[in-house]
>>> print(open('entry23.cif').read())   # mmCIF, C-alpha atoms
data_data
#
loop_
_atom_site.label_atom_id
_atom_site.label_comp_id
_atom_site.auth_asym_id
_atom_site.auth_seq_id
_atom_site.Cartn_x
_atom_site.Cartn_y
_atom_site.Cartn_z
CA MET A 777 106.72 93.43 131.33
CA LYS A 778 109.94 91.55 130.81
CA CYS A 779 111.02 89.44 127.85
CA ALA A 780 110.44 85.72 127.95
CA PRO A 781 113.67 83.70 128.38
CA PHE A 782 115.78 83.14 125.26
CA ASP A 783 119.23 81.97 124.22
CA TYR A 784 121.62 84.60 122.90
CA VAL A 785 124.14 84.10 120.10
CA ARG A 786 126.57 86.79 118.97
CA ALA A 787 127.22 85.83 115.36
CA GLY A 788 130.55 86.48 113.69
CA SER A 789 129.43 85.88 110.11
CA VAL A 790 126.37 85.78 107.90
CA GLU A 791 126.87 82.04 107.50
CA GLU A 792 126.65 81.59 111.27
CA VAL A 793 123.41 83.59 111.37
CA VAL A 794 121.84 81.38 108.72
CA LYS A 795 123.03 78.25 110.53
CA VAL A 796 121.66 79.30 113.92
CA LEU A 797 118.34 80.39 112.45
CA GLY A 798 118.06 77.08 110.63
CA GLU A 799 118.69 75.15 113.83
CA ALA A 800 116.03 77.24 115.59
CA ASP A 801 113.45 75.85 113.16
CA GLY A 802 111.50 79.06 112.78
CA ASP A 803 111.85 80.10 116.42
CA GLY A 804 114.81 82.46 116.05
CA LYS A 805 115.02 86.21 115.56
CA ILE A 806 117.78 88.52 114.34
CA LEU A 807 118.80 91.34 116.66
CA ALA A 808 120.29 94.37 114.93
CA GLY A 809 119.09 97.82 116.05
CA GLY A 810 116.27 96.32 118.09
CA GLN A 811 114.00 99.35 117.59
CA SER A 812 111.09 97.17 116.46
CA LEU A 813 111.99 93.83 118.00
CA VAL A 814 112.74 94.79 121.60
CA PRO A 815 109.34 96.42 122.34
CA VAL A 816 107.61 93.36 120.90
CA LEU A 817 109.72 91.11 123.12
CA ALA A 818 109.02 93.24 126.17
CA LEU A 819 105.28 92.91 125.58
CA ARG A 820 105.74 89.15 124.99
CA MET A 821 104.04 89.48 121.63
CA ALA A 822 106.98 87.40 120.34
CA ARG A 823 108.79 84.67 122.29
CA PRO A 824 111.73 83.44 120.21
CA SER A 825 113.87 80.69 121.66
CA VAL A 826 117.07 82.35 120.39
CA LEU A 827 118.20 85.84 119.45
CA VAL A 828 121.06 86.15 116.96
CA ASP A 829 122.99 89.38 117.43
CA VAL A 830 124.42 90.47 114.05
CA ASN A 831 126.05 93.73 115.13
CA ARG A 832 129.61 92.38 115.15
CA ILE A 833 129.53 90.97 111.62
CA PRO A 834 132.05 92.92 109.52
CA GLY A 835 131.18 94.53 106.18
CA LEU A 836 127.44 94.96 106.68
CA ALA A 837 127.40 98.72 107.31
CA ARG A 838 128.84 99.94 104.04
CA ILE A 839 127.34 102.56 101.74
CA ARG A 840 128.77 102.65 98.24
CA PRO A 841 127.74 103.85 94.77
CA VAL A 842 127.42 100.97 92.28
CA ASP A 843 126.40 101.33 88.60
CA GLY A 844 123.81 104.11 88.92
CA ALA A 845 122.64 102.92 92.33
CA VAL A 846 123.70 103.07 95.95
CA GLU A 847 124.28 99.82 97.80
CA VAL A 848 123.46 99.98 101.50
CA GLY A 849 124.53 97.29 103.95
CA ALA A 850 121.89 95.81 106.24
CA LEU A 851 123.57 97.17 109.39
CA THR A 852 123.72 100.74 108.13
CA ARG A 853 122.13 102.96 110.78
CA HIS A 854 119.47 105.46 109.83
CA SER A 855 121.70 108.26 111.08
CA ARG A 856 124.31 107.32 108.48
CA LEU A 857 121.68 107.42 105.76
CA VAL A 858 120.91 110.98 106.80
CA GLU A 859 124.60 111.94 106.63
CA GLN A 860 125.48 110.27 103.31
CA THR A 861 125.36 112.31 100.10
CA HIS A 862 125.35 109.55 97.48
CA HIS A 863 121.55 109.18 97.49
CA PRO A 864 119.74 112.42 98.43
CA LEU A 865 116.29 110.82 98.43
CA LEU A 866 117.41 108.25 101.00
CA ALA A 867 118.94 111.00 103.11
CA GLU A 868 115.70 113.00 103.07
CA ALA A 869 113.55 109.98 103.90
CA ALA A 870 115.82 108.93 106.78
CA ARG A 871 115.47 112.39 108.37
CA TRP A 872 111.81 111.60 108.96
CA ILE A 873 112.46 108.33 110.81
CA GLY A 874 111.57 108.63 114.49
CA HIS A 875 113.88 110.68 116.69
CA THR A 876 117.65 110.90 117.14
CA ALA A 877 117.89 107.90 119.46
CA ILE A 878 115.93 105.72 117.05
CA ARG A 879 117.96 106.86 114.03
CA SER A 880 121.20 106.13 115.87
CA ARG A 881 120.27 102.46 116.43
CA GLY A 882 117.73 101.49 113.77
CA THR A 883 119.13 99.72 110.71
CA THR A 884 118.31 99.63 107.03
CA GLY A 885 117.96 95.86 106.92
CA GLY A 886 115.80 95.84 110.03
CA SER A 887 113.40 98.41 108.64
CA ILE A 888 113.04 96.59 105.32
CA ALA A 889 112.57 93.21 107.04
CA HIS A 890 110.01 94.61 109.50
CA ALA A 891 107.90 95.86 106.56
CA ASP A 892 105.86 98.38 108.50
CA PRO A 893 103.44 99.96 106.00
CA SER A 894 104.02 103.38 107.62
CA ALA A 895 107.83 103.22 107.58
CA GLU A 896 109.88 105.43 105.28
CA LEU A 897 112.49 103.01 103.93
CA PRO A 898 110.07 100.39 102.54
CA VAL A 899 108.17 103.01 100.51
CA VAL A 900 111.45 104.47 99.20
CA ALA A 901 112.66 100.97 98.30
CA ALA A 902 109.47 100.26 96.36
CA GLY A 903 109.49 103.75 94.89
CA VAL A 904 112.94 103.46 93.29
CA ASP A 905 112.57 99.77 92.36
CA ALA A 906 115.23 98.67 94.84
CA THR A 907 116.53 95.12 95.05
CA VAL A 908 117.23 93.24 98.27
CA THR A 909 120.03 90.68 98.61
CA ILE A 910 119.15 87.89 101.01
CA ALA A 911 121.39 85.19 102.48
CA GLY A 912 119.76 81.85 103.18
CA PRO A 913 120.52 78.14 103.48
CA SER A 914 120.96 77.87 99.69
CA GLY A 915 123.22 80.92 99.41
CA GLU A 916 122.40 84.45 98.31
CA ARG A 917 119.48 85.54 96.17
CA THR A 918 118.15 88.90 95.03
CA VAL A 919 114.51 89.93 95.28
CA ALA A 920 112.78 93.09 94.06
CA ALA A 921 111.50 95.19 96.96
CA GLU A 922 107.97 95.17 95.56
CA GLU A 923 108.03 91.35 95.64
CA LEU A 924 109.50 91.22 99.14
CA PHE A 925 106.61 93.05 100.81
CA LEU A 926 103.56 90.78 101.07
CA GLY A 927 101.48 92.54 103.71
CA ALA A 928 101.67 94.60 106.88
CA LEU A 929 104.73 93.31 108.79
CA LEU A 930 104.86 90.40 106.34
CA THR A 931 107.58 89.59 103.80
CA SER A 932 108.66 86.72 101.60
CA LEU A 933 111.68 86.07 103.84
CA ASP A 934 112.00 82.49 105.04
CA ASP A 935 112.80 81.59 108.64
CA GLY A 936 116.48 81.03 107.88
CA ASP A 937 116.97 84.19 105.80
CA MET A 938 118.88 87.37 106.53
CA ILE A 939 118.92 90.59 104.50
CA VAL A 940 122.54 91.53 103.83
CA ARG A 941 122.23 94.61 101.59
CA VAL A 942 119.79 96.71 99.60
CA ARG A 943 120.54 98.35 96.25
CA PHE A 944 118.68 101.63 95.76
CA PRO A 945 118.74 102.95 92.15
CA LEU A 946 119.58 106.64 92.00
CA PRO A 947 116.68 108.68 90.58
CA THR A 948 117.41 111.51 88.15
CA ARG A 949 114.61 113.52 89.80
CA TRP A 950 112.84 112.91 93.07
CA GLY A 951 110.33 114.30 95.55
CA PHE A 952 109.42 113.25 99.08
CA ALA A 953 106.47 114.38 101.20
CA GLU A 954 105.20 112.98 104.48
CA PHE A 955 102.35 113.78 106.85
CA ALA A 956 102.47 112.78 110.51
CA ARG A 957 100.64 114.08 113.58
CA ARG A 958 103.93 115.12 115.17
CA HIS A 959 107.54 114.98 114.05
CA GLY A 960 108.86 111.52 114.84
CA ASP A 961 105.46 109.84 114.80
CA PHE A 962 104.69 107.11 112.29
CA ALA A 963 103.58 108.61 109.00
CA LEU A 964 99.90 108.66 108.15
CA VAL A 965 100.81 109.09 104.48
CA THR A 966 104.14 109.22 102.65
CA ALA A 967 104.55 110.03 98.96
CA VAL A 968 107.70 109.26 96.98
CA VAL A 969 108.19 110.48 93.42
CA ALA A 970 111.22 109.08 91.62
CA GLU A 971 112.31 109.21 88.00
CA ILE A 972 113.95 105.88 87.22
CA ALA A 973 115.19 105.03 83.71
CA GLY A 974 113.19 107.92 82.27
CA SER A 975 109.88 106.96 83.90
CA LEU A 976 108.30 108.80 86.81
CA ARG A 977 107.12 106.47 89.60
CA ILE A 978 104.72 107.63 92.33
CA THR A 979 104.57 105.43 95.41
CA LEU A 980 102.56 105.81 98.60
CA GLY A 981 103.14 104.54 102.10
CA GLY A 982 100.62 104.36 104.92
CA VAL A 983 97.54 103.86 102.73
CA ALA A 984 97.70 100.08 102.28
CA ALA A 985 99.33 97.00 103.78
CA VAL A 986 102.31 97.43 101.44
CA PRO A 987 103.75 100.41 99.54
CA GLN A 988 101.30 101.21 96.74
CA ARG A 989 102.03 102.62 93.31
CA ALA A 990 99.71 105.43 92.21
CA ARG A 991 99.56 104.23 88.63
CA ALA A 992 96.65 106.42 87.54
CA ALA A 993 98.56 109.47 88.73
CA GLU A 994 101.69 108.24 86.96
CA GLN A 995 99.78 107.99 83.70
CA ILE A 996 98.37 111.49 84.08
CA VAL A 997 101.85 112.91 84.59
CA ALA A 998 103.21 110.89 81.65
CA ASP A 999 100.46 112.39 79.47
CA GLY A 1000 101.42 115.91 80.50
CA GLY A 1001 98.77 116.41 83.15
CA SER A 1002 99.14 118.68 86.17
CA ALA A 1003 100.09 117.81 89.72
CA LYS A 1004 96.55 118.75 90.82
CA ASP A 1005 95.09 116.25 88.34
CA ALA A 1006 97.51 113.58 89.57
CA ALA A 1007 96.54 114.37 93.17
CA ARG A 1008 92.84 113.92 92.39
CA ALA A 1009 93.57 110.65 90.58
CA THR A 1010 95.54 109.41 93.59
CA ALA A 1011 92.67 110.14 95.97
CA ASP A 1012 90.26 108.33 93.63
CA GLU A 1013 92.55 105.34 93.14
CA ILE A 1014 93.47 104.37 96.68
CA ASP A 1015 91.20 102.62 99.18
CA PRO A 1016 92.67 103.28 102.64
CA THR A 1017 91.10 101.84 105.75
CA ALA A 1018 89.93 104.07 108.58
CA ASP A 1019 91.66 103.88 111.95
CA LEU A 1020 91.94 105.95 115.12
CA HIS A 1021 94.30 108.36 113.31
CA GLY A 1022 91.88 109.30 110.56
CA SER A 1023 88.98 108.31 108.36
CA ALA A 1024 89.37 106.91 104.86
CA PRO A 1025 88.32 110.23 103.23
CA PHE A 1026 90.88 112.03 105.40
CA ARG A 1027 93.68 109.73 104.24
CA ARG A 1028 92.60 110.10 100.62
CA ALA A 1029 92.78 113.86 100.87
CA ILE A 1030 96.16 113.76 102.59
CA ALA A 1031 97.51 111.29 100.02
CA GLY A 1032 96.50 113.57 97.17
CA GLU A 1033 98.13 116.56 98.81
CA MET A 1034 101.35 114.66 99.54
CA VAL A 1035 101.53 113.57 95.89
CA ARG A 1036 101.01 117.17 94.78
CA ARG A 1037 103.82 118.36 97.05
CA ALA A 1038 106.21 115.61 95.96
CA LEU A 1039 105.51 116.33 92.29
CA ALA A 1040 106.16 120.04 92.86
CA GLN A 1041 109.65 119.08 94.01
CA VAL A 1042 110.40 117.61 90.57
CA GLY A 1043 109.00 120.66 88.80
CA ILE A 1044 105.48 119.44 88.03
CA GLU A 1045 102.81 121.92 89.08
#
>>> encode(input="entry23.cif", output="structure tokens")
Amino acid sequence: MKCAPFDYVRAGSVEEVVKVLGEADGDGKILAGGQSLVPVLALRMARPSVLVDVNRIPGLARIRPVDGAVEVGALTRHSRLVEQTHHPLLAEAARWIGHTAIRSRGTTGGSIAHADPSAELPVVAAGVDATVTIAGPSGERTVAAEELFLGALLTSLDDGDMIVRVRFPLPTRWGFAEFARRHGDFALVTAVVAEIAGSLRITLGGVAAVPQRARAAEQIVADGGSAKDAARATADEIDPTADLHGSAPFRRAIAGEMVRRALAQVGIE
């Protein structure tokens, strides 16, 4: 199929993006990497009246360390996340995103805004307690990643909003484990372990509509328990839905194993 007709605007600034989206009255979409948006347009599952191309806006593809964190511009491609050395956890997670062609075009802001429950960057953002800076009609505001994600493909972004950067705190220890049918496929389960401000956070992707903290497993680890105990607690705590990729018991078992593997990477056996 072909896309439905739309107007095209190549924005030169964030302010112009916000203005055009506001004038579209909820019927506009931002075009960055297009890895999620273009297939949806081609299937006519979305029919925006205007697309706002943000690729020429300067200053939105920067990666820089800031006060114990790494600030990533919304237009930063996944391939650059793989190459950067400031945030090793981000680099590892980005290696698992799709294939080379997807990583060369997909963007950090686009992945966070799309909020796919199986995507790597949203679970990392929730796992390290990242904050998202959003430009809107009233100026910029900052939202915690865990508050941004409301459901599968659903965020708290308003129609006139645009993500401009994401600040990822740098963990002192981290682990990352993912299970997919084939390399490049969407993850069935992702586990992120990150030590932030002295506390170990365990976050799962692919088992719920939004990234989910494995709090029972976190408590077991905090009390000196083993990775195997934390894995069992994870499987008991989550309530994944069955789909064509696997039953709920299958996902529970995989989630426990991914948590065990991620914890092993931080030295917890």
>>> residues_near_point(input="entry23.cif", point="(94.1, 106.0, 111.2)", cutoff="12 Å", atoms="all atoms listed in the file", output="CSV table (one decimal) with C-alpha atoms, in the frame of the given file")
chain,number,residue,atom,x,y,z
A,894,SER,CA,104.0,103.4,107.6
A,956,ALA,CA,102.5,112.8,110.5
A,957,ARG,CA,100.6,114.1,113.6
A,962,PHE,CA,104.7,107.1,112.3
A,963,ALA,CA,103.6,108.6,109.0
A,964,LEU,CA,99.9,108.7,108.2
A,965,VAL,CA,100.8,109.1,104.5
A,982,GLY,CA,100.6,104.4,104.9
A,983,VAL,CA,97.5,103.9,102.7
A,984,ALA,CA,97.7,100.1,102.3
A,1016,PRO,CA,92.7,103.3,102.6
A,1017,THR,CA,91.1,101.8,105.8
A,1018,ALA,CA,89.9,104.1,108.6
A,1019,ASP,CA,91.7,103.9,112.0
A,1020,LEU,CA,91.9,106.0,115.1
A,1021,HIS,CA,94.3,108.4,113.3
A,1022,GLY,CA,91.9,109.3,110.6
A,1023,SER,CA,89.0,108.3,108.4
A,1024,ALA,CA,89.4,106.9,104.9
A,1025,PRO,CA,88.3,110.2,103.2
A,1026,PHE,CA,90.9,112.0,105.4
A,1027,ARG,CA,93.7,109.7,104.2
A,1028,ARG,CA,92.6,110.1,100.6
A,1030,ILE,CA,96.2,113.8,102.6
>>> atom_distance(input="entry23.cif", atom1="CA of Glu954 in chain A", atom2="CA of Gly885 in chain A")
21.5 Å
>>> closest_residue(input="entry23.cif", among="A:Gly809, A:Pro947, A:Pro815, A:Gly874", to="Ala850 in chain A", atoms="all atoms listed in the file")
A:Gly809
>>> closest_residue(input="entry23.cif", among="A:Arg823, A:Arg856, A:Arg989, A:Lys778", to="Val904 in chain A", atoms="all atoms listed in the file")
A:Arg989
>>> resolve_selection(input="entry23.cif", expression="the PyMOL selection byres ((chain A and resi 835) around 10)", output="CSV table (one decimal) with C-alpha atoms, keeping the file's coordinate frame")
chain,number,residue,atom,x,y,z
A,789,SER,CA,129.4,85.9,110.1
A,832,ARG,CA,129.6,92.4,115.2
A,833,ILE,CA,129.5,91.0,111.6
A,834,PRO,CA,132.0,92.9,109.5
A,836,LEU,CA,127.4,95.0,106.7
A,837,ALA,CA,127.4,98.7,107.3
A,838,ARG,CA,128.8,99.9,104.0
A,839,ILE,CA,127.3,102.6,101.7
A,849,GLY,CA,124.5,97.3,104.0
A,850,ALA,CA,121.9,95.8,106.2
A,851,LEU,CA,123.6,97.2,109.4
A,852,THR,CA,123.7,100.7,108.1
A,940,VAL,CA,122.5,91.5,103.8
>>> atom_distance(input="entry23.cif", atom1="CA of Asp937 in chain A", atom2="CA of Ile806 in chain A")
9.6 Å
>>> residues_near_point(input="entry23.cif", point="(119.4, 100.1, 100.3)", cutoff="10 Å", atoms="only C-alpha atoms", output="PyMOL selection string")
chain A and resi 839-840+845-850+852+857+863+866+884-885+888+897-898+900-901+906-909+921+940-945
>>> atom_distance(input="entry23.cif", atom1="CA of Glu859 in chain A", atom2="CA of Leu924 in chain A")
26.7 Å
>>> resolve_selection(input="entry23.cif", expression="the PyMOL selection byres ((chain A and resi 799-804) around 7)", output="PyMOL selection string")
chain A and resi 795-798+805-806+824-827+935
>>> closest_residue(input="entry23.cif", among="A:His875, A:Leu1039, A:Pro841, A:Lys1004", to="Ser855 in chain A", atoms="all atoms listed in the file")
A:His875
>>> residues_around(input="entry23.cif", residues="Pro893 in chain A", least_positions_apart="2", cutoff="6 Å", atoms="all atoms listed in the file", output="list in words")
Ala895, Ala928, Gly982, Ala985 and Val986 of chain A
>>> resolve_selection(input="entry23.cif", expression="the PyMOL selection byres ((chain A and resi 877) around 12)", output="PDB file with C-alpha atoms, in the frame of the given file")
ATOM      1  CA  GLY A 809     119.090  97.820 116.050  1.00  0.00           C
ATOM      2  CA  GLY A 810     116.270  96.320 118.090  1.00  0.00           C
ATOM      3  CA  GLN A 811     114.000  99.350 117.590  1.00  0.00           C
ATOM      4  CA  ARG A 853     122.130 102.960 110.780  1.00  0.00           C
ATOM      5  CA  HIS A 854     119.470 105.460 109.830  1.00  0.00           C
ATOM      6  CA  SER A 855     121.700 108.260 111.080  1.00  0.00           C
ATOM      7  CA  ILE A 873     112.460 108.330 110.810  1.00  0.00           C
ATOM      8  CA  GLY A 874     111.570 108.630 114.490  1.00  0.00           C
ATOM      9  CA  HIS A 875     113.880 110.680 116.690  1.00  0.00           C
ATOM     10  CA  THR A 876     117.650 110.900 117.140  1.00  0.00           C
ATOM     11  CA  ILE A 878     115.930 105.720 117.050  1.00  0.00           C
ATOM     12  CA  ARG A 879     117.960 106.860 114.030  1.00  0.00           C
ATOM     13  CA  SER A 880     121.200 106.130 115.870  1.00  0.00           C
ATOM     14  CA  ARG A 881     120.270 102.460 116.430  1.00  0.00           C
ATOM     15  CA  GLY A 882     117.730 101.490 113.770  1.00  0.00           C
ATOM     16  CA  GLY A 960     108.860 111.520 114.840  1.00  0.00           C
TER      17      GLY A 960
END
>>> closest_residue(input="entry23.cif", among="A:Leu807, A:Ala911, A:Leu926, A:Val785", to="Thr883 in chain A", atoms="only C-alpha atoms")
A:Leu807
>>> closest_residue(input="entry23.cif", among="A:Gly903, A:Gly915, A:Gly936, A:Gly927", to="Arg991 in chain A", atoms="only C-alpha atoms")
A:Gly903
>>> closest_residue(input="entry23.cif", among="A:Ala869, A:Asp783, A:Ala920, A:Gly981", to="Asp892 in chain A", atoms="all atoms listed in the file")
A:Gly981
>>> closest_atom_pairs(input="entry23.cif", of="range 950-1014 of chain A", to="range 1035-1038 of chain A", cutoff="9 Å", atoms="all atoms listed in the file", output="JSON lines")
{"residue": "A:Trp950", "atom": "CA", "partner": "A:Ala1038", "partner_atom": "CA", "distance": 7.7}
{"residue": "A:Gly951", "atom": "CA", "partner": "A:Ala1038", "partner_atom": "CA", "distance": 4.3}
{"residue": "A:Phe952", "atom": "CA", "partner": "A:Ala1038", "partner_atom": "CA", "distance": 5.1}
{"residue": "A:Ala953", "atom": "CA", "partner": "A:Ala1038", "partner_atom": "CA", "distance": 5.4}
{"residue": "A:Glu954", "atom": "CA", "partner": "A:Ala1038", "partner_atom": "CA", "distance": 9.0}
{"residue": "A:Thr966", "atom": "CA", "partner": "A:Val1035", "partner_atom": "CA", "distance": 8.5}
{"residue": "A:Ala967", "atom": "CA", "partner": "A:Val1035", "partner_atom": "CA", "distance": 5.6}
{"residue": "A:Val968", "atom": "CA", "partner": "A:Ala1038", "partner_atom": "CA", "distance": 6.6}
{"residue": "A:Val969", "atom": "CA", "partner": "A:Ala1038", "partner_atom": "CA", "distance": 6.1}
{"residue": "A:Ile978", "atom": "CA", "partner": "A:Val1035", "partner_atom": "CA", "distance": 7.6}
{"residue": "A:Thr979", "atom": "CA", "partner": "A:Val1035", "partner_atom": "CA", "distance": 8.7}
{"residue": "A:Leu980", "atom": "CA", "partner": "A:Val1035", "partner_atom": "CA", "distance": 8.3}
{"residue": "A:Ala993", "atom": "CA", "partner": "A:Val1035", "partner_atom": "CA", "distance": 8.8}
{"residue": "A:Ser1002", "atom": "CA", "partner": "A:Arg1036", "partner_atom": "CA", "distance": 8.9}
{"residue": "A:Ala1003", "atom": "CA", "partner": "A:Arg1036", "partner_atom": "CA", "distance": 5.2}
{"residue": "A:Lys1004", "atom": "CA", "partner": "A:Arg1036", "partner_atom": "CA", "distance": 6.2}
{"residue": "A:Asp1005", "atom": "CA", "partner": "A:Arg1036", "partner_atom": "CA", "distance": 8.8}
{"residue": "A:Ala1006", "atom": "CA", "partner": "A:Arg1036", "partner_atom": "CA", "distance": 7.2}
{"residue": "A:Ala1007", "atom": "CA", "partner": "A:Arg1036", "partner_atom": "CA", "distance": 5.5}
{"residue": "A:Thr1010", "atom": "CA", "partner": "A:Val1035", "partner_atom": "CA", "distance": 7.6}
